[in-house]
>>> print(open('entry.txt').read())   # compact mmCIF, C-alpha atoms
# COMPACT_ATOMS: atom_id res chain seq x y z
CA MET P 1 116.44 42.20 43.87
CA VAL P 2 117.61 44.34 40.96
CA ILE P 3 117.87 41.26 38.74
CA SER P 4 114.34 40.24 39.72
CA LEU P 5 113.00 43.69 38.89
CA VAL P 6 114.71 43.65 35.49
CA THR P 7 113.33 40.16 34.84
CA TYR P 8 109.78 41.22 35.72
CA LEU P 9 110.04 44.30 33.50
CA ALA P 10 111.43 42.18 30.67
CA PHE P 11 108.57 39.70 30.94
CA ALA P 12 106.11 42.61 31.00
CA GLY P 13 107.70 44.08 27.88
CA VAL P 14 107.49 40.79 25.98
CA LEU P 15 103.87 40.33 27.07
CA LEU P 16 102.95 43.82 25.89
CA TRP P 17 104.55 43.32 22.48
CA TRP P 18 102.73 40.04 21.95
CA VAL P 19 99.42 41.50 23.14
CA ILE P 20 99.84 44.20 20.50
CA LEU P 21 100.77 41.62 17.87
CA LEU P 22 97.88 39.26 18.63
CA ALA P 23 95.17 41.85 19.34
CA PRO P 24 92.25 41.07 16.98
CA TRP P 25 91.90 44.73 15.98
CA ARG P 26 95.50 44.74 14.61
CA PRO P 27 96.49 48.28 15.70
CA TRP P 28 99.77 47.91 13.78
CA GLY P 29 98.14 47.03 10.46
CA THR P 30 97.73 49.31 7.46
CA GLN P 31 94.55 47.82 6.04
CA GLU P 32 92.47 50.94 6.73
CA ALA P 33 93.45 53.04 3.73
CA LEU P 34 91.86 55.13 1.00
CA GLU P 35 93.20 56.09 -2.42
CA PRO P 36 91.81 58.33 -5.19
CA SER P 37 88.69 57.63 -7.18
CA ASN P 38 89.12 56.84 -10.87
CA GLU P 39 86.19 59.08 -11.73
CA THR P 40 87.01 62.17 -13.73
CA ASP P 41 85.21 65.48 -14.15
CA VAL P 42 83.44 65.03 -10.80
CA SER P 43 81.10 67.69 -9.47
CA LEU P 44 82.14 68.77 -5.98
CA LYS P 45 79.60 71.55 -5.55
CA GLU P 46 78.43 70.04 -2.27
CA ILE P 47 81.81 70.68 -0.65
CA THR P 48 83.46 73.73 0.83
CA ILE P 49 87.16 73.34 1.59
CA LEU P 50 88.16 75.22 4.72
CA ILE P 51 91.86 75.90 5.25
CA PRO P 52 93.18 77.66 8.39
CA ALA P 53 96.55 79.21 7.62
CA ARG P 54 99.09 81.09 9.71
CA ASN P 55 102.46 81.91 8.16
CA GLU P 56 102.05 79.29 5.44
CA GLY P 57 103.15 81.39 2.47
CA SER P 58 105.81 78.88 1.45
CA LEU P 59 103.40 75.93 1.48
CA ILE P 60 99.88 77.01 0.63
CA GLU P 61 100.38 77.52 -3.11
CA GLN P 62 101.15 73.82 -3.62
CA THR P 63 98.09 72.86 -1.56
CA LEU P 64 95.74 75.12 -3.53
CA ASN P 65 97.13 74.16 -6.92
CA ALA P 66 96.43 70.51 -6.09
CA LEU P 67 92.84 71.40 -5.19
CA SER P 68 92.29 72.89 -8.61
CA LEU P 69 92.78 69.39 -10.08
CA GLN P 70 90.18 67.71 -7.90
CA GLY P 71 87.01 68.42 -9.85
CA LYS P 72 84.66 71.30 -10.36
CA GLY P 73 82.23 73.36 -8.32
CA HIS P 74 83.90 73.22 -4.90
CA GLN P 75 84.54 76.34 -2.89
CA VAL P 76 87.88 77.05 -1.22
CA ILE P 77 88.04 79.34 1.81
CA VAL P 78 91.36 80.22 3.39
CA VAL P 79 91.20 81.84 6.81
CA ASP P 80 94.37 83.91 7.17
CA ASP P 81 95.12 83.64 10.88
CA GLN P 82 96.99 86.94 11.23
CA SER P 83 99.95 85.74 9.19
CA GLU P 84 103.17 87.70 9.22
CA ASP P 85 104.11 86.58 5.69
CA ASP P 86 102.43 86.51 2.26
CA THR P 87 99.97 83.70 3.04
CA ALA P 88 96.90 85.79 2.11
CA LEU P 89 98.49 87.04 -1.13
CA GLN P 90 99.44 83.52 -2.21
CA ALA P 91 95.93 82.26 -1.47
CA ARG P 92 94.23 85.05 -3.43
CA THR P 93 96.61 84.52 -6.35
CA CYS P 94 95.52 80.87 -6.46
CA GLY P 95 91.85 81.89 -6.58
CA ALA P 96 90.80 81.08 -3.03
CA THR P 97 88.39 83.19 -1.02
CA VAL P 98 90.42 84.70 1.82
CA ILE P 99 89.01 85.69 5.20
CA SER P 100 91.16 87.87 7.42
CA GLY P 101 91.06 86.18 10.80
CA THR P 102 90.88 88.09 14.07
CA THR P 103 92.77 87.54 17.32
CA PRO P 104 91.62 84.35 19.06
CA PRO P 105 89.45 85.03 22.10
CA SER P 106 90.61 83.75 25.47
CA GLY P 107 90.41 79.95 25.65
CA TRP P 108 90.62 79.43 21.88
CA SER P 109 93.51 78.01 19.87
CA GLY P 110 94.33 79.94 16.72
CA LYS P 111 93.47 77.06 14.39
CA LEU P 112 90.05 76.40 15.91
CA TRP P 113 89.16 80.10 16.01
CA ALA P 114 90.15 80.38 12.33
CA LEU P 115 87.95 77.39 11.49
CA GLU P 116 85.05 78.85 13.47
CA GLN P 117 85.26 82.07 11.46
CA GLY P 118 85.45 80.17 8.21
CA LEU P 119 82.54 77.87 9.07
CA ALA P 120 80.26 80.91 9.27
CA LYS P 121 80.71 81.27 5.49
CA VAL P 122 79.96 77.61 4.67
CA SER P 123 76.56 76.75 3.19
CA THR P 124 77.34 73.42 1.50
CA PRO P 125 76.32 69.99 2.88
CA TYR P 126 79.95 68.96 3.40
CA THR P 127 82.97 70.75 4.79
CA LEU P 128 86.51 69.55 4.11
CA LEU P 129 88.89 70.67 6.85
CA LEU P 130 92.33 70.77 5.26
CA ASP P 131 95.68 71.88 6.62
CA ALA P 132 97.67 74.34 4.55
CA ASP P 133 100.51 71.85 3.99
CA ILE P 134 98.45 68.92 2.65
CA THR P 135 98.61 68.00 -1.03
CA LEU P 136 95.74 65.86 -2.28
CA ALA P 137 96.23 63.77 -5.39
CA PRO P 138 93.61 64.21 -8.16
CA GLY P 139 90.44 62.32 -7.31
CA MET P 140 91.07 62.28 -3.56
CA ILE P 141 88.14 64.52 -2.61
CA ALA P 142 85.83 62.49 -4.84
CA ALA P 143 87.06 59.35 -3.04
CA LEU P 144 86.36 60.92 0.36
CA LEU P 145 82.87 61.93 -0.72
CA LYS P 146 82.15 58.50 -2.19
CA LYS P 147 83.35 56.82 1.00
CA ALA P 148 81.11 59.01 3.13
CA ARG P 149 78.03 58.47 0.97
CA GLU P 150 78.34 54.75 0.31
CA GLU P 151 79.07 53.85 3.94
CA HIS P 152 76.80 56.52 5.46
CA LEU P 153 79.66 58.14 7.33
CA VAL P 154 79.38 61.57 8.89
CA LEU P 155 83.12 62.09 9.23
CA VAL P 156 85.92 60.67 7.08
CA SER P 157 89.53 61.48 7.93
CA LEU P 158 92.90 60.67 6.39
CA MET P 159 96.26 60.57 8.11
CA ALA P 160 98.44 62.24 5.52
CA THR P 161 101.75 60.69 4.54
CA PRO P 162 104.46 62.78 6.22
CA SER P 163 107.66 63.99 4.62
CA PHE P 164 110.53 61.49 4.60
CA CYS P 165 113.15 63.65 2.91
CA ARG P 166 115.55 63.70 5.86
CA LEU P 167 117.01 60.91 7.98
CA SER P 168 115.44 62.44 11.10
CA GLU P 169 112.03 62.18 9.41
CA GLN P 170 112.66 58.57 8.35
CA LEU P 171 113.70 57.79 11.92
CA LEU P 172 110.77 59.38 13.74
CA MET P 173 107.78 60.05 11.49
CA PRO P 174 106.83 56.39 10.77
CA ALA P 175 106.96 55.83 14.53
CA PHE P 176 104.73 58.86 15.03
CA VAL P 177 102.08 57.18 12.87
CA PHE P 178 102.76 53.81 14.55
CA PHE P 179 102.27 55.18 18.08
CA PHE P 180 99.18 57.13 17.02
CA LYS P 181 97.65 53.90 15.74
CA LEU P 182 98.51 52.13 18.99
CA LEU P 183 96.78 54.87 20.99
CA TYR P 184 93.82 55.07 18.60
CA PRO P 185 93.48 51.71 16.80
CA PHE P 186 91.84 52.54 13.48
CA ARG P 187 89.73 49.39 13.36
CA LEU P 188 88.21 50.20 16.76
CA ALA P 189 87.86 53.89 15.94
CA ASN P 190 85.92 52.92 12.80
CA LYS P 191 83.64 50.54 14.69
CA PRO P 192 80.30 52.22 15.58
CA GLY P 193 79.96 50.48 18.95
CA SER P 194 83.49 51.28 20.13
CA ARG P 195 84.22 54.11 22.55
CA ILE P 196 87.47 54.90 20.70
CA ALA P 197 87.29 57.75 18.20
CA ALA P 198 90.06 59.25 16.10
CA ALA P 199 90.67 61.72 13.31
CA ALA P 200 93.74 63.28 11.74
CA GLY P 201 93.33 67.04 11.59
CA GLY P 202 95.16 67.49 8.30
CA CYS P 203 92.27 66.12 6.23
CA ILE P 204 88.73 65.70 7.56
CA LEU P 205 85.54 65.57 5.49
CA VAL P 206 82.51 66.14 7.72
CA GLU P 207 78.83 66.84 7.22
CA THR P 208 78.35 70.54 7.88
CA GLN P 209 75.03 70.03 9.66
CA ALA P 210 76.58 67.46 12.01
CA LEU P 211 79.46 69.81 12.74
CA ARG P 212 77.05 72.54 13.74
CA LYS P 213 74.89 70.09 15.68
CA ILE P 214 77.71 69.33 18.13
CA GLY P 215 78.44 73.02 18.67
CA ALA P 216 81.02 73.33 15.90
CA PHE P 217 84.47 74.43 16.97
CA ALA P 218 83.24 76.28 20.05
CA SER P 219 82.75 72.87 21.67
CA LEU P 220 86.41 72.03 20.96
CA ARG P 221 88.00 75.40 21.68
CA GLU P 222 89.98 74.26 24.74
CA ALA P 223 91.19 71.02 23.15
CA LEU P 224 94.83 70.81 22.05
CA ILE P 225 94.17 67.45 20.38
CA ASP P 226 91.23 68.93 18.52
CA ASP P 227 90.99 66.37 15.70
CA CYS P 228 90.38 63.36 17.95
CA THR P 229 88.11 65.46 20.16
CA LEU P 230 86.01 66.34 17.11
CA ALA P 231 85.74 62.67 16.13
CA SER P 232 84.79 61.79 19.70
CA ARG P 233 82.00 64.40 19.81
CA ILE P 234 80.64 63.22 16.46
CA LYS P 235 80.75 59.58 17.51
CA ARG P 236 79.20 60.20 20.93
CA ALA P 237 76.31 61.89 19.15
CA GLY P 238 75.64 58.55 17.47
CA MET P 239 77.13 59.43 14.09
CA PRO P 240 79.65 57.07 12.41
CA THR P 241 83.23 58.09 11.65
CA TRP P 242 86.16 56.60 9.74
CA ILE P 243 89.91 57.19 9.71
CA GLY P 244 92.54 55.68 7.46
CA LEU P 245 95.93 56.11 5.86
CA SER P 246 96.58 57.36 2.33
CA HIS P 247 99.50 57.72 -0.04
CA SER P 248 97.48 60.34 -1.90
CA ALA P 249 97.15 62.83 0.93
CA ARG P 250 100.69 63.99 1.59
CA SER P 251 102.19 66.62 3.86
CA HIS P 252 104.78 68.76 2.13
CA ARG P 253 105.86 70.31 5.42
CA GLU P 254 109.43 69.22 6.10
CA TYR P 255 110.92 68.90 9.58
CA GLU P 256 114.45 70.19 9.37
CA ASP P 257 115.85 68.31 12.35
CA ILE P 258 114.97 66.18 15.38
CA LYS P 259 114.40 69.31 17.48
CA THR P 260 111.53 70.41 15.22
CA ILE P 261 109.84 67.01 15.48
CA TRP P 262 110.58 66.97 19.21
CA ASN P 263 108.69 70.23 19.76
CA MET P 264 105.81 69.07 17.57
CA VAL P 265 105.35 65.92 19.67
CA ALA P 266 106.00 67.62 23.01
CA ARG P 267 103.27 70.15 22.30
CA THR P 268 100.53 67.58 23.08
CA ALA P 269 102.27 64.47 24.47
CA TYR P 270 101.42 65.15 28.13
CA THR P 271 97.88 66.06 27.08
CA GLN P 272 97.51 62.46 25.85
CA LEU P 273 98.17 61.41 29.46
CA HIS P 274 95.56 63.86 30.79
CA TYR P 275 98.32 65.75 32.65
CA SER P 276 98.53 62.86 35.13
CA PRO P 277 101.89 62.21 36.89
CA LEU P 278 100.69 58.69 37.68
CA LEU P 279 100.00 57.95 34.01
CA LEU P 280 103.38 59.43 33.12
CA ILE P 281 105.10 57.02 35.52
CA VAL P 282 103.08 54.09 34.16
CA CYS P 283 103.93 55.14 30.60
CA THR P 284 107.62 55.35 31.51
CA LEU P 285 107.63 51.87 33.02
CA LEU P 286 105.72 50.36 30.11
CA MET P 287 107.91 51.93 27.43
CA SER P 288 111.11 51.09 29.33
CA SER P 289 110.04 47.47 29.65
CA MET P 290 109.09 47.29 25.96
CA PHE P 291 112.02 49.12 24.40
CA TRP P 292 114.91 48.35 26.75
CA PHE P 293 114.39 45.70 29.40
CA ALA P 294 112.78 43.09 27.14
CA PRO P 295 114.92 43.38 24.00
CA ILE P 296 118.28 44.40 25.50
CA LEU P 297 118.89 44.86 29.21
CA LEU P 298 117.87 41.37 30.30
CA LEU P 299 120.98 39.99 28.62
CA PHE P 300 123.16 42.05 30.94
CA ALA P 301 121.16 41.31 34.08
CA LEU P 302 120.51 37.61 33.60
CA PRO P 303 122.91 35.78 31.28
CA GLY P 304 121.75 32.43 30.01
CA GLN P 305 119.41 30.71 27.61
CA ALA P 306 116.21 32.04 29.22
CA SER P 307 117.28 35.65 28.80
CA ILE P 308 118.17 35.03 25.15
CA VAL P 309 114.74 33.52 24.48
CA ILE P 310 112.97 36.46 26.14
CA CYS P 311 115.01 38.98 24.15
CA MET P 312 114.35 37.10 20.92
CA LEU P 313 110.60 37.01 21.61
CA ALA P 314 110.64 40.77 22.16
CA TRP P 315 112.57 41.45 18.95
CA ILE P 316 110.40 39.12 16.89
CA ALA P 317 107.21 40.86 18.01
CA MET P 318 108.74 44.34 17.60
CA ILE P 319 109.84 43.61 14.05
CA ILE P 320 106.53 42.03 13.03
CA VAL P 321 104.41 44.94 14.30
CA TYR P 322 106.66 47.73 12.96
CA ILE P 323 107.37 46.30 9.50
CA PRO P 324 103.87 47.08 8.08
CA VAL P 325 104.12 50.84 8.60
CA LEU P 326 107.65 50.88 7.15
CA HIS P 327 106.45 48.84 4.17
CA TYR P 328 103.46 51.11 3.67
CA TYR P 329 105.73 54.15 3.46
CA GLN P 330 108.33 52.24 1.37
CA LEU P 331 111.09 52.62 3.95
CA SER P 332 113.83 50.15 4.79
CA PRO P 333 112.87 47.39 7.26
CA LEU P 334 116.25 47.98 8.93
CA TRP P 335 114.64 50.90 10.76
CA THR P 336 113.10 48.27 13.05
CA LEU P 337 116.54 47.83 14.62
CA ALA P 338 116.37 51.42 15.83
CA LEU P 339 113.10 50.92 17.72
CA PRO P 340 114.69 51.00 21.22
CA VAL P 341 116.26 54.36 20.37
CA ILE P 342 113.06 55.62 18.73
CA GLY P 343 110.94 54.58 21.69
CA THR P 344 113.36 56.27 24.08
CA LEU P 345 113.23 59.51 22.09
CA PHE P 346 109.43 59.56 22.15
CA LEU P 347 109.45 58.87 25.90
CA LEU P 348 111.85 61.78 26.40
CA MET P 349 109.56 63.97 24.29
CA THR P 350 106.71 63.05 26.61
CA TRP P 351 108.80 63.97 29.65
CA THR P 352 109.72 67.25 27.95
CA SER P 353 106.01 67.95 27.52
CA ALA P 354 105.36 67.17 31.20
CA ILE P 355 108.27 69.27 32.46
CA ARG P 356 107.15 72.24 30.39
CA PHE P 357 103.67 71.87 31.84
CA TRP P 358 104.98 71.71 35.43
CA ARG P 359 107.09 74.82 34.79
CA GLY P 360 104.01 76.67 33.65
CA GLU P 361 105.20 76.81 30.04
CA ARG P 362 101.96 76.56 28.11
CA ALA P 363 101.62 75.03 24.67
CA GLN P 364 103.28 77.08 21.96
CA TRP P 365 102.72 76.92 18.21
CA LYS P 366 103.25 79.37 15.37
CA ASN P 367 104.57 82.04 17.78
CA ARG P 368 101.52 81.75 20.03
CA ARG P 369 101.15 80.40 23.53
CA TYR P 370 97.94 78.66 24.55
CA GLU P 371 96.53 78.12 27.98
CA ILE P 372 96.18 74.48 28.99
CA THR P 373 93.10 73.45 30.92
CA THR P 374 93.13 70.26 32.94
>>> encode(input="entry.txt", output="structure tokens")
Amino acid sequence: MVISLVTYLAFAGVLLWWVILLAPWRPWGTQEALEPSNETDVSLKEITILIPARNEGSLIEQTLNALSLQGKGHQVIVVDDQSEDDTALQARTCGATVISGTTPPSGWSGKLWALEQGLAKVSTPYTLLLDADITLAPGMIAALLKKAREEHLVLVSLMATPSFCRLSEQLLMPAFVFFFKLLYPFRLANKPGSRIAAAAGGCILVETQALRKIGAFASLREALIDDCTLASRIKRAGMPTWIGLSHSARSHREYEDIKTIWNMVARTAYTQLHYSPLLLIVCTLLMSSMFWFAPILLLFALPGQASIVICMLAWIAMIIVYIPVLHYYQLSPLWTLALPVIGTLFLLMTWTSAIRFWRGERAQWKNRRYEITT
């Protein structure tokens, strides 16, 4: 009976990998990408850049210095979300307009409340929502604006290239992008008729009027995954959105160890499953079948040629679908051999998120705890 169960799980894992590989929307591909415009001396007077910042004194100077190379005429507003360091001083030194944020009201996350306060000062047609740790290469804002205008897009978002300075980052951060793209296939998210919507909160250019039309950040205030919720609200209102990768939008926030990445993922992992124990069990079975039973465990449970073929089919599909993201970020293809371990770590992060929720430990970020609504 045990051997039969392992066999069924192995077959399921192989099937899932090949469904991912052969899906026409290619969720594992990297074709949706945007790089800087070659135009120089571009007027950006139609854009206000809105940066929420809490305890970002060590990062925000690099972000703001990069913005000074983008063009001319844009406004930069930094909302200092009650920082305990020199964030506000660094921002003012770099020439940004600084708003001193107030304590978030009940039901609001700090980031969304900071953005809501900053939006009140925006009068330009476009608002660029930018995290305090994102460096944009020269010409990137012009490219975002051109993309929005030429394709009549209301929201354009970039998933910034994460830091790969440490081995823990090389191990987990490409997989973070990979799993995000599996959950929110970019090609489907960019398709007007699709119900899937996605955005990456680090860099989002959006029409200011559209943002206010959907109720701005007040309509998102209870959402922990606020970027995708924003894209969903925009798309449901009949307005087109686009998300892609970019080498020219880079995060300079480094994750010192696996624990730091673990907590970052665990903050919202169970939210992705809508706080459902049933979905958590299904997720556990699916990931176990994909990352262990299909590529490895079947060999121990059912020796023979059939088991070798099944394991080989699993590995072939795993390698084919993971290679593109590694190639995009110029990382060694040998990281594909660590996928069973990587998948297990992300599953454990999801269970950590669920256990914290069951214990009543609400989401915590930047020394704040947030209530979770189901």
>>> closest_residue(input="entry.txt", among="P:Lys213, P:Ala269, P:Ile319, P:Val325", to="Leu337 of chain P", atoms="all atoms listed in the file")
P:Ile319
>>> closest_residue(input="entry.txt", among="P:Val154, P:Ala354, P:Cys203, P:Ala216", to="Ile281 of chain P", atoms="all atoms listed in the file")
P:Ala354
>>> atom_distance(input="entry.txt", atom1="atom CA of Leu158 of chain P", atom2="atom CA of Gln31 of chain P")
13.0 Å
>>> closest_residue(input="entry.txt", among="P:Ser37, P:Thr127, P:Thr103, P:Thr284", to="Leu205 of chain P", atoms="all atoms listed in the file")
P:Thr127
>>> atom_distance(input="entry.txt", atom1="atom CA of Thr63 of chain P", atom2="atom CA of Ser157 of chain P")
17.1 Å
>>> atom_distance(input="entry.txt", atom1="atom CA of Glu61 of chain P", atom2="atom CA of Thr208 of chain P")
25.6 Å
>>> axis_aligned_box(input="entry.txt", around="segment 44-60 of chain P", padding_each_side="8 Å", output="lines of an AutoDock Vina configuration file")
center_x = 92.1
center_y = 75.3
center_z = 1.9
size_x = 43.4
size_y = 29.1
size_z = 31.7
>>> closest_atom_pairs(input="entry.txt", of="segment 65-156 of chain P", to="segment 220-229 of chain P", cutoff="9 Å", atoms="only C-alpha atoms", output="Markdown table")
| residue | atom | partner | partner_atom | distance |
| --- | --- | --- | --- | --- |
| P:Gly107 | CA | P:Glu222 | CA | 5.8 |
| P:Trp108 | CA | P:Arg221 | CA | 4.8 |
| P:Ser109 | CA | P:Arg221 | CA | 6.4 |
| P:Leu112 | CA | P:Arg221 | CA | 6.2 |
| P:Trp113 | CA | P:Arg221 | CA | 7.5 |
>>> residues_around(input="entry.txt", residues="Gly57 of chain P", least_positions_apart="5", cutoff="8 Å", atoms="all atoms listed in the file", output="PDB file with C-alpha atoms, keeping the file's coordinate frame")
ATOM      1  CA  ASP P  85     104.110  86.580   5.690  1.00  0.00           C
ATOM      2  CA  ASP P  86     102.430  86.510   2.260  1.00  0.00           C
ATOM      3  CA  THR P  87      99.970  83.700   3.040  1.00  0.00           C
ATOM      4  CA  ALA P  88      96.900  85.790   2.110  1.00  0.00           C
ATOM      5  CA  GLN P  90      99.440  83.520  -2.210  1.00  0.00           C
TER       6      GLN P  90
END
>>> residues_around(input="entry.txt", residues="Ala66 of chain P", least_positions_apart="5", cutoff="10 Å", atoms="only C-alpha atoms", output="ChimeraX atom specification")
/P:60-61,134-138
>>> residues_around(input="entry.txt", residues="Leu67 of chain P", least_positions_apart="6", cutoff="12 Å", atoms="all atoms listed in the file", output="VMD selection string")
chain P and resid 44 47 to 51 60 to 61 73 to 77 91 94 to 96 128 130 132 to 142 249
>>> closest_residue(input="entry.txt", among="P:Ala218, P:Leu188, P:Cys283, P:Leu334", to="Leu115 of chain P", atoms="only C-alpha atoms")
P:Ala218
>>> closest_residue(input="entry.txt", among="P:Leu16, P:Ile99, P:Val321, P:Leu167", to="Leu119 of chain P", atoms="all atoms listed in the file")
P:Ile99
>>> residues_near_point(input="entry.txt", point="(120.9, 67.1, 10.6)", cutoff="9 Å", atoms="all atoms listed in the file", output="ChimeraX atom specification")
/P:166-168,256-258
>>> residues_near_point(input="entry.txt", point="(115.2, 44.2, 24.5)", cutoff="12 Å", atoms="all atoms listed in the file", output="ChimeraX atom specification")
/P:6-7,9-14,17,287-301,307-319,337-341,343
>>> closest_residue(input="entry.txt", among="P:Leu183, P:Ala198, P:Val79, P:Ile261", to="Lys121 of chain P", atoms="only C-alpha atoms")
P:Val79
